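*Asks:* Dropping in model-v2.cif, which is mmCIF, C-alpha atoms and all ligand atoms:
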```cif
data_protein
#
loop_
_atom_site.label_atom_id
_atom_site.label_comp_id
_atom_site.auth_asym_id
_atom_site.auth_seq_id
_atom_site.Cartn_x
_atom_site.Cartn_y
_atom_site.Cartn_z
CA MET A 14 12.59 -32.77 -22.71
CA PRO A 15 11.15 -32.51 -19.20
CA LEU A 16 7.50 -31.55 -18.94
CA GLU A 17 7.05 -27.76 -18.86
CA TYR A 18 4.95 -26.05 -16.23
CA PRO A 19 3.91 -22.40 -16.31
CA LYS A 20 6.59 -20.36 -14.59
CA GLU A 21 6.03 -18.31 -11.46
CA THR A 22 5.42 -14.60 -12.02
CA PRO A 23 8.84 -12.93 -11.71
CA SER A 24 9.61 -10.85 -8.64
CA GLN A 25 10.32 -7.12 -8.69
CA THR A 26 11.60 -4.90 -5.91
CA ALA A 27 9.07 -3.50 -3.45
CA GLY A 28 10.77 -0.11 -3.93
CA PRO A 29 11.14 2.68 -1.37
CA PHE A 30 7.41 3.35 -1.03
CA VAL A 31 6.25 -0.12 -0.03
CA HIS A 32 4.53 1.42 3.00
CA ILE A 33 1.86 3.00 0.81
CA GLY A 34 0.41 -0.39 -0.02
CA MET A 35 1.11 -2.28 3.18
CA MET A 36 1.42 0.22 6.04
CA PRO A 37 -0.04 3.49 4.69
CA ARG A 38 0.15 5.24 8.07
CA VAL A 39 3.92 5.02 7.80
CA ALA A 40 3.73 6.72 4.39
CA GLY A 41 1.81 9.52 6.12
CA PHE A 42 -1.88 8.90 5.51
CA GLU A 43 -4.83 6.69 6.43
CA VAL A 44 -7.04 4.85 4.02
CA PHE A 45 -7.93 1.43 5.46
CA GLU A 46 -10.00 0.85 8.55
CA THR A 47 -7.55 -1.80 9.75
CA GLU A 48 -3.97 -2.24 8.66
CA LEU A 49 -2.91 -5.86 8.44
CA GLY A 50 -0.32 -7.53 10.63
CA GLN A 51 -0.54 -5.06 13.50
CA VAL A 52 -1.50 -7.59 16.19
CA PRO A 53 0.22 -10.98 15.87
CA ALA A 54 -1.04 -12.01 19.31
CA ALA A 55 -3.96 -10.17 20.92
CA GLU A 56 -4.28 -9.64 24.64
CA GLY A 57 -5.29 -12.85 26.36
CA VAL A 58 -3.35 -15.17 24.06
CA PRO A 59 -1.35 -17.55 26.28
CA GLY A 60 2.41 -17.17 26.06
CA THR A 61 5.34 -15.04 27.11
CA ARG A 62 5.22 -11.48 25.74
CA ILE A 63 8.44 -10.58 23.95
CA THR A 64 9.89 -7.50 22.27
CA ILE A 65 12.49 -7.62 19.52
CA GLU A 66 14.41 -4.64 18.25
CA GLY A 67 16.80 -4.68 15.36
CA ARG A 68 18.14 -3.13 12.23
CA VAL A 69 18.73 -4.17 8.64
CA LEU A 70 22.27 -3.22 7.62
CA ASP A 71 23.63 -2.88 4.11
CA GLY A 72 27.09 -3.90 2.93
CA THR A 73 28.62 -0.62 4.17
CA GLY A 74 27.20 -1.18 7.66
CA THR A 75 24.55 1.50 7.25
CA PRO A 76 21.07 0.75 8.64
CA ILE A 77 18.50 0.87 5.87
CA LYS A 78 15.47 3.01 6.55
CA ASP A 79 12.98 1.84 3.95
CA ALA A 80 12.66 -1.87 4.71
CA LEU A 81 9.46 -3.71 5.52
CA LEU A 82 9.57 -6.95 7.47
CA GLU A 83 6.96 -9.63 7.90
CA ILE A 84 7.09 -12.17 10.69
CA TRP A 85 5.24 -15.45 10.70
CA HIS A 86 5.41 -17.71 13.71
CA ALA A 87 3.78 -20.44 15.75
CA ASP A 88 2.05 -20.01 19.10
CA ALA A 89 3.50 -20.96 22.49
CA GLU A 90 2.67 -24.63 21.82
CA GLY A 91 4.28 -24.61 18.38
CA ARG A 92 1.00 -24.44 16.41
CA TYR A 93 0.48 -22.27 13.34
CA ALA A 94 -2.80 -20.45 12.75
CA HIS A 95 -3.16 -22.05 9.34
CA PRO A 96 -5.53 -24.74 8.04
CA GLU A 97 -2.65 -27.10 7.18
CA ASP A 98 -1.40 -27.24 10.74
CA PRO A 99 -3.02 -30.40 12.20
CA ARG A 100 -3.54 -28.61 15.53
CA VAL A 101 -5.02 -25.42 14.08
CA ASN A 102 -8.26 -25.92 16.00
CA GLU A 103 -6.40 -25.54 19.28
CA VAL A 104 -5.00 -22.11 18.36
CA HIS A 105 -6.43 -19.19 20.42
CA GLU A 106 -8.77 -17.00 18.36
CA GLY A 107 -6.72 -13.88 19.12
CA PHE A 108 -3.55 -15.37 17.66
CA THR A 109 -2.51 -14.92 14.03
CA GLY A 110 1.29 -15.17 14.31
CA PHE A 111 1.52 -12.64 11.48
CA GLY A 112 3.20 -9.31 12.04
CA ARG A 113 4.36 -6.45 9.89
CA CYS A 114 6.88 -3.84 10.87
CA HIS A 115 9.17 -1.38 9.15
CA THR A 116 12.58 0.07 9.79
CA ASP A 117 12.06 3.59 11.13
CA LEU A 118 12.36 6.25 8.41
CA ASP A 119 14.76 8.25 10.63
CA THR A 120 16.57 5.76 12.86
CA GLY A 121 16.40 2.51 10.87
CA THR A 122 15.28 0.48 13.91
CA PHE A 123 12.38 -1.98 13.72
CA THR A 124 10.35 -3.25 16.66
CA ILE A 125 8.32 -6.46 16.93
CA GLU A 126 5.97 -7.22 19.81
CA THR A 127 4.43 -10.66 20.04
CA ILE A 128 4.53 -13.88 22.08
CA LYS A 129 7.35 -16.37 22.13
CA PRO A 130 6.74 -19.41 19.92
CA GLY A 131 7.15 -22.98 21.17
CA VAL A 132 8.93 -26.00 19.69
CA ILE A 133 7.56 -26.72 16.21
CA PRO A 134 7.11 -30.19 14.74
CA GLY A 135 9.57 -30.83 11.95
CA ARG A 136 10.21 -33.36 9.22
CA HIS A 137 11.43 -36.86 9.93
CA ALA A 138 10.25 -36.51 13.54
CA ARG A 139 12.89 -33.90 14.30
CA PRO A 140 11.45 -31.01 16.29
CA GLN A 141 12.45 -27.48 15.32
CA ALA A 142 13.67 -25.06 17.97
CA PRO A 143 11.39 -22.06 18.57
CA HIS A 144 11.84 -19.48 15.80
CA LEU A 145 10.25 -16.62 13.93
CA ASN A 146 10.12 -16.79 10.14
CA ILE A 147 11.09 -13.40 8.73
CA TRP A 148 10.68 -11.97 5.23
CA ILE A 149 12.38 -8.72 4.22
CA VAL A 150 11.67 -6.42 1.29
CA ALA A 151 13.04 -2.96 0.45
CA ARG A 152 14.34 -0.79 -2.34
CA GLY A 153 17.37 -2.55 -3.80
CA ILE A 154 16.11 -6.02 -2.84
CA ASN A 155 14.97 -7.66 -6.09
CA ILE A 156 13.34 -10.66 -4.47
CA GLY A 157 12.13 -10.87 -0.86
CA LEU A 158 14.67 -12.38 1.55
CA HIS A 159 13.58 -15.18 3.86
CA THR A 160 15.38 -15.86 7.12
CA ARG A 161 14.65 -17.10 10.65
CA MET A 162 15.28 -15.71 14.11
CA TYR A 163 16.07 -18.18 16.91
CA PHE A 164 16.25 -17.43 20.64
CA PRO A 165 19.46 -17.39 22.70
CA ASP A 166 17.70 -18.86 25.73
CA GLU A 167 16.36 -21.98 23.98
CA GLU A 168 17.89 -25.34 23.12
CA ASN A 169 19.03 -24.79 19.53
CA ASP A 170 21.71 -27.49 19.19
CA ASP A 171 19.49 -30.09 17.54
CA ASP A 172 17.57 -27.75 15.26
CA PRO A 173 17.53 -29.27 11.75
CA LEU A 174 17.89 -25.94 9.92
CA LEU A 175 20.69 -24.55 12.09
CA GLY A 176 22.41 -27.91 11.67
CA MET A 177 22.50 -27.40 7.91
CA VAL A 178 24.51 -24.16 8.14
CA GLU A 179 27.93 -25.40 7.11
CA HIS A 180 30.00 -22.48 8.41
CA LEU A 181 29.57 -22.76 12.15
CA HIS A 182 30.16 -19.08 12.89
CA ARG A 183 27.29 -18.19 10.58
CA ARG A 184 24.74 -20.03 12.74
CA ALA A 185 25.02 -17.13 15.15
CA THR A 186 23.57 -14.80 12.49
CA LEU A 187 20.21 -16.53 13.03
CA VAL A 188 20.18 -16.23 16.82
CA ALA A 189 18.99 -13.06 18.56
CA SER A 190 20.79 -11.69 21.62
CA ALA A 191 19.05 -11.04 24.92
CA THR A 192 18.88 -7.41 26.03
CA GLY A 193 16.65 -7.78 29.08
CA GLU A 194 13.81 -9.86 30.40
CA ASN A 195 11.89 -11.13 27.35
CA ALA A 196 13.64 -8.51 25.23
CA TYR A 197 15.87 -9.35 22.30
CA ARG A 198 18.01 -7.72 19.67
CA PHE A 199 18.25 -9.07 16.11
CA ASP A 200 20.30 -7.29 13.46
CA ILE A 201 20.09 -8.49 9.89
CA HIS A 202 23.18 -8.00 7.71
CA LEU A 203 22.50 -8.04 3.99
CA GLN A 204 26.23 -8.31 3.15
CA GLY A 205 29.67 -8.34 4.70
CA PRO A 206 31.55 -10.52 7.20
CA GLN A 207 28.42 -10.94 9.34
CA GLU A 208 26.06 -11.62 6.41
CA THR A 209 22.86 -13.21 7.72
CA VAL A 210 21.99 -16.68 6.45
CA PHE A 211 19.11 -16.22 3.99
CA LEU A 212 16.92 -19.10 2.94
CA ASP A 213 15.64 -20.54 -0.30
CA ILE A 214 12.44 -22.03 1.04
CA MET B 9 -2.91 -32.72 2.88
CA THR B 10 0.66 -31.66 3.32
CA ALA B 11 2.56 -31.43 0.06
CA GLU B 12 5.74 -29.65 -0.87
CA TYR B 13 5.93 -26.68 -3.17
CA PHE B 14 7.90 -26.76 -6.41
CA GLN B 15 11.38 -25.38 -6.09
CA ARG B 16 11.56 -21.69 -7.02
CA ASP B 17 13.33 -21.19 -10.36
CA ARG B 18 15.81 -18.51 -9.34
CA ARG B 19 17.22 -18.14 -12.85
CA TRP B 20 13.85 -16.79 -13.96
CA HIS B 21 13.65 -14.19 -11.18
CA PRO B 22 16.01 -11.21 -11.00
CA PRO B 23 19.29 -12.01 -9.26
CA ALA B 24 20.05 -10.09 -6.06
CA TYR B 25 22.97 -8.20 -7.61
CA THR B 26 22.01 -6.07 -10.63
CA PRO B 27 24.44 -3.13 -10.82
CA ASP B 28 22.38 -1.06 -13.30
CA TYR B 29 19.87 -0.78 -10.44
CA LYS B 30 22.48 0.75 -8.19
CA THR B 31 20.79 0.27 -4.83
CA THR B 32 21.20 -3.49 -5.19
CA VAL B 33 25.00 -3.21 -5.04
CA ALA B 34 25.19 -2.80 -1.25
CA ARG B 35 21.91 -4.59 -0.51
CA SER B 36 22.43 -7.93 -2.26
CA PRO B 37 23.57 -10.94 -0.24
CA ASN B 38 26.88 -12.29 -1.57
CA LEU B 39 26.71 -15.77 -0.08
CA PRO B 40 24.50 -18.57 -1.40
CA LEU B 41 21.03 -18.98 0.05
CA LEU B 42 20.53 -22.02 2.28
CA SER B 43 18.10 -24.39 0.54
CA VAL B 44 15.50 -25.62 3.00
CA GLU B 45 13.04 -28.50 2.67
CA ASN B 46 9.48 -27.41 3.29
CA SER B 47 8.27 -27.85 6.87
CA LEU B 48 5.18 -26.43 8.54
CA SER B 49 7.11 -23.17 8.93
CA GLU B 50 7.28 -22.72 5.16
CA ILE B 51 4.01 -24.17 3.86
CA THR B 52 1.88 -22.17 6.28
CA GLY B 53 1.33 -18.42 6.22
CA PRO B 54 -1.23 -15.81 7.17
CA THR B 55 -4.79 -16.13 5.91
CA PHE B 56 -7.16 -13.24 5.29
CA SER B 57 -10.90 -12.78 5.07
CA HIS B 58 -13.36 -10.19 3.82
CA ALA B 59 -14.03 -9.26 7.44
CA GLY B 60 -10.68 -7.47 7.51
CA LEU B 61 -11.32 -5.45 4.33
CA GLY B 62 -13.49 -2.42 3.65
CA PRO B 63 -16.03 -2.12 0.80
CA LEU B 64 -13.97 0.42 -1.20
CA ASP B 65 -10.55 -1.10 -0.57
CA HIS B 66 -10.31 -2.29 -4.20
CA ASP B 67 -11.40 1.07 -5.68
CA LEU B 68 -8.42 3.42 -5.83
CA ILE B 69 -10.47 6.01 -7.73
CA ARG B 70 -12.68 6.62 -4.70
CA ASN B 71 -11.17 4.98 -1.62
CA PHE B 72 -9.20 7.95 -0.34
CA THR B 73 -11.71 10.78 0.10
CA GLY B 74 -14.83 9.49 -1.64
CA GLU B 75 -14.26 12.08 -4.41
CA GLU B 76 -12.86 10.82 -7.71
CA ALA B 77 -9.15 10.82 -8.46
CA ILE B 78 -7.87 12.44 -11.67
CA GLY B 79 -6.42 10.33 -14.48
CA GLU B 80 -7.15 7.67 -17.09
CA ARG B 81 -9.85 5.53 -15.53
CA THR B 82 -8.51 1.99 -15.52
CA ILE B 83 -9.61 -1.49 -14.53
CA VAL B 84 -6.91 -4.02 -13.68
CA HIS B 85 -8.13 -7.58 -13.43
CA GLY B 86 -7.00 -11.16 -13.80
CA ARG B 87 -6.60 -14.50 -12.10
CA VAL B 88 -4.14 -15.90 -9.61
CA LEU B 89 -3.24 -19.48 -10.52
CA ASP B 90 -0.56 -21.87 -9.34
CA GLN B 91 1.89 -23.68 -11.61
CA ASN B 92 -0.53 -26.59 -11.86
CA GLY B 93 -3.12 -24.21 -13.31
CA ARG B 94 -5.30 -24.34 -10.22
CA PRO B 95 -6.94 -21.13 -8.99
CA VAL B 96 -5.52 -19.71 -5.77
CA LYS B 97 -8.63 -18.83 -3.77
CA GLY B 98 -8.62 -16.22 -1.04
CA ALA B 99 -5.24 -14.80 -2.09
CA LEU B 100 -4.71 -11.31 -0.72
CA LEU B 101 -3.51 -8.75 -3.27
CA GLU B 102 -2.30 -5.36 -2.11
CA VAL B 103 -1.43 -2.74 -4.73
CA TRP B 104 0.20 0.68 -4.58
CA GLN B 105 1.13 3.18 -7.25
CA ALA B 106 1.93 6.77 -8.19
CA ASN B 107 -0.88 9.10 -9.26
CA ALA B 108 -1.54 10.09 -12.88
CA GLY B 109 1.33 12.58 -12.70
CA GLY B 110 3.86 10.04 -11.42
CA ARG B 111 3.83 11.28 -7.80
CA TYR B 112 3.46 9.00 -4.78
CA ARG B 113 1.61 9.97 -1.64
CA HIS B 114 4.59 9.28 0.61
CA LYS B 115 6.55 11.44 3.07
CA LYS B 116 9.74 10.62 1.23
CA ASP B 117 8.65 11.26 -2.36
CA GLY B 118 10.14 14.57 -3.48
CA TYR B 119 9.14 14.51 -7.18
CA LEU B 120 7.85 17.91 -8.35
CA ALA B 121 4.61 16.54 -9.84
CA PRO B 122 1.65 17.48 -7.62
CA VAL B 123 -0.16 15.20 -5.18
CA ASP B 124 -3.78 14.52 -6.19
CA PRO B 125 -5.91 15.45 -3.15
CA ASN B 126 -8.31 12.60 -3.95
CA PHE B 127 -5.81 9.84 -4.61
CA GLY B 128 -4.23 7.75 -1.87
CA GLY B 129 -2.61 5.23 -4.19
CA CYS B 130 -3.26 1.93 -2.48
CA GLY B 131 -5.85 -0.80 -2.56
CA ARG B 132 -6.39 -4.43 -1.67
CA CYS B 133 -8.70 -7.33 -2.44
CA LEU B 134 -9.09 -11.10 -2.18
CA THR B 135 -9.39 -13.54 -5.07
CA ASP B 136 -12.67 -15.42 -5.39
CA GLU B 137 -13.27 -19.17 -5.90
CA ASP B 138 -11.87 -18.95 -9.45
CA GLY B 139 -8.79 -17.04 -8.35
CA TYR B 140 -10.27 -13.91 -9.99
CA TYR B 141 -9.64 -10.36 -8.76
CA PHE B 142 -10.16 -6.81 -9.97
CA PHE B 143 -9.20 -3.26 -9.02
CA ARG B 144 -10.35 0.12 -10.27
CA THR B 145 -7.76 2.88 -10.44
CA VAL B 146 -6.24 5.64 -12.56
CA LYS B 147 -3.30 4.82 -14.80
CA PRO B 148 -0.08 5.82 -12.98
CA GLY B 149 2.32 8.25 -14.64
CA ALA B 150 5.97 7.56 -15.39
CA TYR B 151 8.43 9.13 -12.95
CA PRO B 152 12.12 9.94 -12.90
CA PHE B 153 14.37 7.68 -10.94
CA ARG B 154 17.92 8.34 -9.88
CA SER B 155 19.76 5.32 -11.17
CA PHE B 156 21.47 6.94 -14.10
CA SER B 157 20.89 10.71 -14.28
CA ASN B 158 18.07 10.41 -16.80
CA SER B 159 16.46 7.10 -15.84
CA TRP B 160 12.68 6.81 -15.77
CA ARG B 161 10.33 4.23 -14.43
CA MET B 162 7.76 3.14 -16.95
CA ALA B 163 4.20 3.27 -15.66
CA HIS B 164 3.70 0.48 -13.11
CA ILE B 165 1.54 -0.79 -10.29
CA HIS B 166 3.22 -2.54 -7.37
CA PHE B 167 1.59 -5.85 -6.39
CA SER B 168 2.02 -7.78 -3.14
CA ILE B 169 0.51 -11.28 -3.18
CA PHE B 170 -0.15 -13.73 -0.36
CA GLY B 171 -0.99 -17.24 -1.54
CA ALA B 172 -1.52 -20.20 0.76
CA GLY B 173 1.85 -20.13 2.53
CA MET B 174 5.09 -18.22 2.94
CA THR B 175 6.53 -20.23 0.03
CA GLN B 176 4.13 -18.43 -2.30
CA ARG B 177 4.83 -14.94 -0.94
CA LEU B 178 5.63 -12.57 -3.80
CA ILE B 179 6.03 -8.89 -4.55
CA THR B 180 6.17 -7.72 -8.14
CA GLN B 181 5.17 -4.90 -10.48
CA MET B 182 2.69 -4.77 -13.33
CA TYR B 183 3.44 -2.81 -16.51
CA PHE B 184 1.17 -1.61 -19.31
CA GLU B 185 1.26 -2.88 -22.89
CA GLY B 186 3.24 -0.74 -25.32
CA ASP B 187 5.13 1.44 -22.81
CA PRO B 188 7.96 3.23 -24.68
CA LEU B 189 10.17 3.42 -21.55
CA ARG B 190 10.59 -0.34 -21.14
CA ALA B 191 14.01 -0.74 -22.76
CA GLN B 192 15.67 1.82 -20.46
CA ASP B 193 13.86 0.94 -17.21
CA PRO B 194 16.63 -0.36 -14.90
CA ILE B 195 14.20 -2.10 -12.55
CA ALA B 196 12.21 -4.00 -15.17
CA ASN B 197 15.55 -5.01 -16.66
CA THR B 198 16.79 -6.60 -13.45
CA VAL B 199 14.81 -9.56 -14.82
CA PRO B 200 17.30 -11.31 -17.12
CA ASP B 201 14.91 -12.88 -19.64
CA GLN B 202 12.74 -10.69 -21.90
CA ALA B 203 10.11 -13.45 -21.87
CA ALA B 204 9.93 -13.10 -18.09
CA ILE B 205 9.50 -9.31 -18.36
CA ASP B 206 6.70 -9.95 -20.87
CA ARG B 207 4.88 -11.78 -18.09
CA LEU B 208 4.73 -8.52 -16.13
CA VAL B 209 3.23 -6.57 -19.04
CA ALA B 210 -0.56 -6.44 -18.89
CA PRO B 211 -2.24 -6.36 -22.31
CA LEU B 212 -5.06 -3.95 -23.03
CA ASP B 213 -8.34 -5.83 -22.64
CA LEU B 214 -10.94 -3.98 -24.68
CA GLU B 215 -13.64 -6.57 -24.03
CA ALA B 216 -13.38 -6.00 -20.30
CA SER B 217 -13.37 -2.21 -20.68
CA VAL B 218 -16.48 -0.36 -19.57
CA PRO B 219 -17.83 1.67 -22.52
CA LEU B 220 -17.78 5.45 -21.93
CA ASP B 221 -16.08 4.86 -18.57
CA SER B 222 -12.84 2.85 -18.13
CA LEU B 223 -10.19 0.96 -20.09
CA ALA B 224 -9.17 -2.47 -18.81
CA TYR B 225 -5.84 -4.29 -18.58
CA ARG B 226 -5.46 -7.97 -17.84
CA PHE B 227 -2.80 -9.15 -15.39
CA ASP B 228 -2.68 -12.87 -14.60
CA ILE B 229 -0.38 -14.02 -11.81
CA VAL B 230 1.20 -17.45 -11.30
CA LEU B 231 2.35 -18.62 -7.87
CA ARG B 232 4.41 -21.69 -7.10
CA GLY B 233 2.77 -25.05 -7.64
CA ARG B 234 2.65 -28.04 -5.33
CA ARG B 235 3.43 -31.67 -5.74
CA GLN B 236 0.55 -34.12 -5.60
CA THR B 237 2.30 -36.40 -3.15
CA MET B 238 2.45 -35.90 0.57
CA PHE B 239 5.70 -35.52 2.45
CA GLU B 240 6.69 -37.44 5.50
CA ASN B 241 5.72 -35.30 8.45
CA LYS B 242 5.56 -37.19 11.67
CA LEU B 243 4.49 -34.62 14.15
CA GLU B 244 6.88 -35.12 17.00
CA GLY B 245 5.57 -33.40 20.08
CA ALA B 246 2.16 -32.88 18.54
FE FE C 301 7.15 2.56 -8.03
#
```
Could you spell out this file's structure in structure tokens?
*Replies:*
Amino acid sequence: MPLEYPKETPSQTAGPFVHIGMMPRVAGFEVFETELGQVPAAEGVPGTRITIEGRVLDGTGTPIKDALLEIWHADAEGRYAHPEDPRVNEVHEGFTGFGRCHTDLDTGTFTIETIKPGVIPGRHARPQAPHLNIWIVARGINIGLHTRMYFPDEENDDDPLLGMVEHLHRRATLVASATGENAYRFDIHLQGPQETVFLDI
Amino acid sequence: MTAEYFQRDRRWHPPAYTPDYKTTVARSPNLPLLSVENSLSEITGPTFSHAGLGPLDHDLIRNFTGEEAIGERTIVHGRVLDQNGRPVKGALLEVWQANAGGRYRHKKDGYLAPVDPNFGGCGRCLTDEDGYYFFRTVKPGAYPFRSFSNSWRMAHIHFSIFGAGMTQRLITQMYFEGDPLRAQDPIANTVPDQAAIDRLVAPLDLEASVPLDSLAYRFDIVLRGRRQTMFENKLEGA
């Protein structure tokens, strides 16, 4: 018998009212002095300012209007604002790399404003192409979905994660499209022919 | 130190597709997840400090207007540990719940039970050096839920937990010992193993109750553990 470890607490859906706990202003009221994840990169943080718009679509192609997304990303030099990043001391004090957004209750569109990440050190000395880590929760999602968003104007061919996606046409589900200068579109498909590649991290 | 996290045991968690919880039918990915080795992108994640929190953030009885919310006065407390039994320090817990009548303070909640003018329904706190946390709240009411025509949610508190990295990110729900609605609750029963559901049920903790004031429930949380050994991580471009 293999050695037993305590098991992780099981996941449950965030439900339709996730905003109450994490973005109460979206639910329609104020309670906290500061809501978390509102400023991934403050003014003055070096880097290119970018805007990303997108939707989260269900298996019928309908945009879902009760999703909450978290982004986590490195700074313009590929450094994470986290004590386990060896270069954490070089990260600008106004940079967290953590953002929260929601799909609009009426339109289903989400918007992210931050700076563009740089190339991130990877395992086995293989650099990772610039990307945002994204985590999605909503009613009907029993366990949060992890994915990544890559940039269409970066060198993605040698990225170790994209290289692991066996079905070549599915790699495109992880790459945003450009809609203007420093503006991108990224739709996430929960199901269907364009189903986004989700990650077991 | 840079060490990998234990693989998540996905047979213990609810699967994505659970047709008795109907919303999952069109929202569950059909294709397998891509298994990814931990890199800096996975083992890191946001960190939080007391500077970002307010003094009443953990007190749902008073944090909305300063006046007291109506309902069974309740303490929820416990520890956040990893699978190695080590305390997770500085973990951010965010909770949200319905009021004592089962009504949420949310634009989209149309349940006929009234809103409590003094109850917002959310709170947050950080674990201390021992991984310990506590909240004060009122016990949430059960509420109807349109899965089958007469489905009800048993009383629950939603919990969002940030551990040390994105690998430990978790959202779950806490239930109360002895709830008669458990067997028919389609969301609790998305979890396939009854022993796993038991882990979400907080026992009454009379010793931690405050006499003549509040009952207490104990909810301990386990996040993914880490190996002891470091992984190869030559920092190309660093
Ligand atoms: Fe709920």
*Asks:* Check the smallest atom-to-atom distance from each of A:Ala151, A:Gln141, A:Ile63, A:Thr47 to ligand FE 301 (chain C) using only C-alpha atoms and all ligand atoms, then report the winner.
*Replies:*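 The closest residue to ligand FE 301 (chain C) is A:Ala151.
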*Asks:* Quick one: of B:Ala196, B:Ala99, B:Ala24, B:Ala77, who's nearest to Tyr140 (chain B), counting only C-alpha atoms?
*Replies:*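 Result for the nearest residue to Tyr140 (chain B): B:Ala99.
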*Asks:* With all atoms listed in the file as the atoms that count, which of B:Pro188, B:Gly60, B:Gly109, B:Pro27 lies nearest to chain A?
*Replies:*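 Selected residue with least distance to chain A: B:Gly60.
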*Asks:* Kindly give the distance, in Å, that separates CA of Asn71 (chain B) and CA of Thr145 (chain B), rounded to a single decimal.
*Replies:*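 Straight-line distance from CA of Asn71 (chain B) to CA of Thr145 (chain B) works out to 9.7 Å.
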*Asks:* Using only C-alpha atoms and all ligand atoms, which protein or nucleic acid residues are at most 9 Å from ligand FE 301 (chain C), as number ranges by chain?
*Replies:* A: 26-31; B: 104-106, 110, 112, 150-151, 161-166, 181
*Asks:* Skipping near chain neighbours, those fewer than 5 positions away, what residues fall within 12 Å of Gln236 (chain B) using only C-alpha atoms, listed as JSON, numbers by chain?
*Replies:* {"B": [9, 10, 11, 12, 13, 14, 92]}
*Asks:* Find the distance between CA of Arg16 (chain B) and CA of Gly112 (chain A) and write it in Å to one decimal.
*Replies:* 24.2 Å
*Asks:* What is the distance, in Å and to one decimal place, between CA of His144 (chain A) and CA of Arg161 (chain A)?
*Replies:*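 If I compute the distance from CA of His144 (chain A) to CA of Arg161 (chain A), I get 6.3 Å.
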*Asks:* Which one of A:Gly67, A:Pro15, A:Pro173, A:Gly107 sits closest to chain B if you count all atoms listed in the file?
*Replies:*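 Ranked by minimum distance to chain B, first place goes to A:Pro173.
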*Asks:* Return region 9-13 of chain B, completed with all heavy atoms, as a short mmCIF file (atom, residue, chain, number, x, y, z; two decimals), keeping the file's coordinate frame.
*Replies:*
```cif
data_model
loop_
_atom_site.label_atom_id
_atom_site.label_comp_id
_atom_site.auth_asym_id
_atom_site.auth_seq_id
_atom_site.Cartn_x
_atom_site.Cartn_y
_atom_site.Cartn_z
N MET B 9 -4.04 -32.17 3.62
CA MET B 9 -2.91 -32.72 2.88
C MET B 9 -1.70 -31.81 3.04
O MET B 9 -1.81 -30.61 3.05
CB MET B 9 -3.28 -32.82 1.39
CG MET B 9 -2.14 -33.39 0.57
SD MET B 9 -2.63 -33.72 -1.13
CE MET B 9 -1.55 -32.60 -1.97
N THR B 10 -0.57 -32.43 3.16
CA THR B 10 0.66 -31.66 3.32
C THR B 10 1.58 -32.03 2.17
O THR B 10 2.11 -33.12 2.13
CB THR B 10 1.32 -32.00 4.65
OG1 THR B 10 0.34 -31.84 5.67
CG2 THR B 10 2.46 -31.07 4.94
N ALA B 11 1.73 -31.14 1.23
CA ALA B 11 2.56 -31.43 0.06
C ALA B 11 3.55 -30.29 -0.15
O ALA B 11 3.24 -29.14 0.15
CB ALA B 11 1.70 -31.61 -1.18
N GLU B 12 4.70 -30.65 -0.66
CA GLU B 12 5.74 -29.65 -0.87
C GLU B 12 5.43 -28.77 -2.07
O GLU B 12 4.78 -29.18 -3.01
CB GLU B 12 7.07 -30.35 -1.16
CG GLU B 12 7.73 -30.87 0.07
CD GLU B 12 8.94 -31.71 -0.30
OE1 GLU B 12 8.81 -32.61 -1.13
OE2 GLU B 12 10.00 -31.43 0.27
N TYR B 13 6.00 -27.60 -2.03
CA TYR B 13 5.93 -26.68 -3.17
C TYR B 13 7.06 -26.98 -4.15
O TYR B 13 8.12 -27.47 -3.75
CB TYR B 13 6.01 -25.24 -2.69
CG TYR B 13 4.71 -24.79 -2.07
CD1 TYR B 13 4.40 -25.07 -0.74
CD2 TYR B 13 3.76 -24.14 -2.84
CE1 TYR B 13 3.18 -24.70 -0.19
CE2 TYR B 13 2.53 -23.76 -2.30
CZ TYR B 13 2.26 -24.04 -0.97
OH TYR B 13 1.05 -23.68 -0.44
#
```
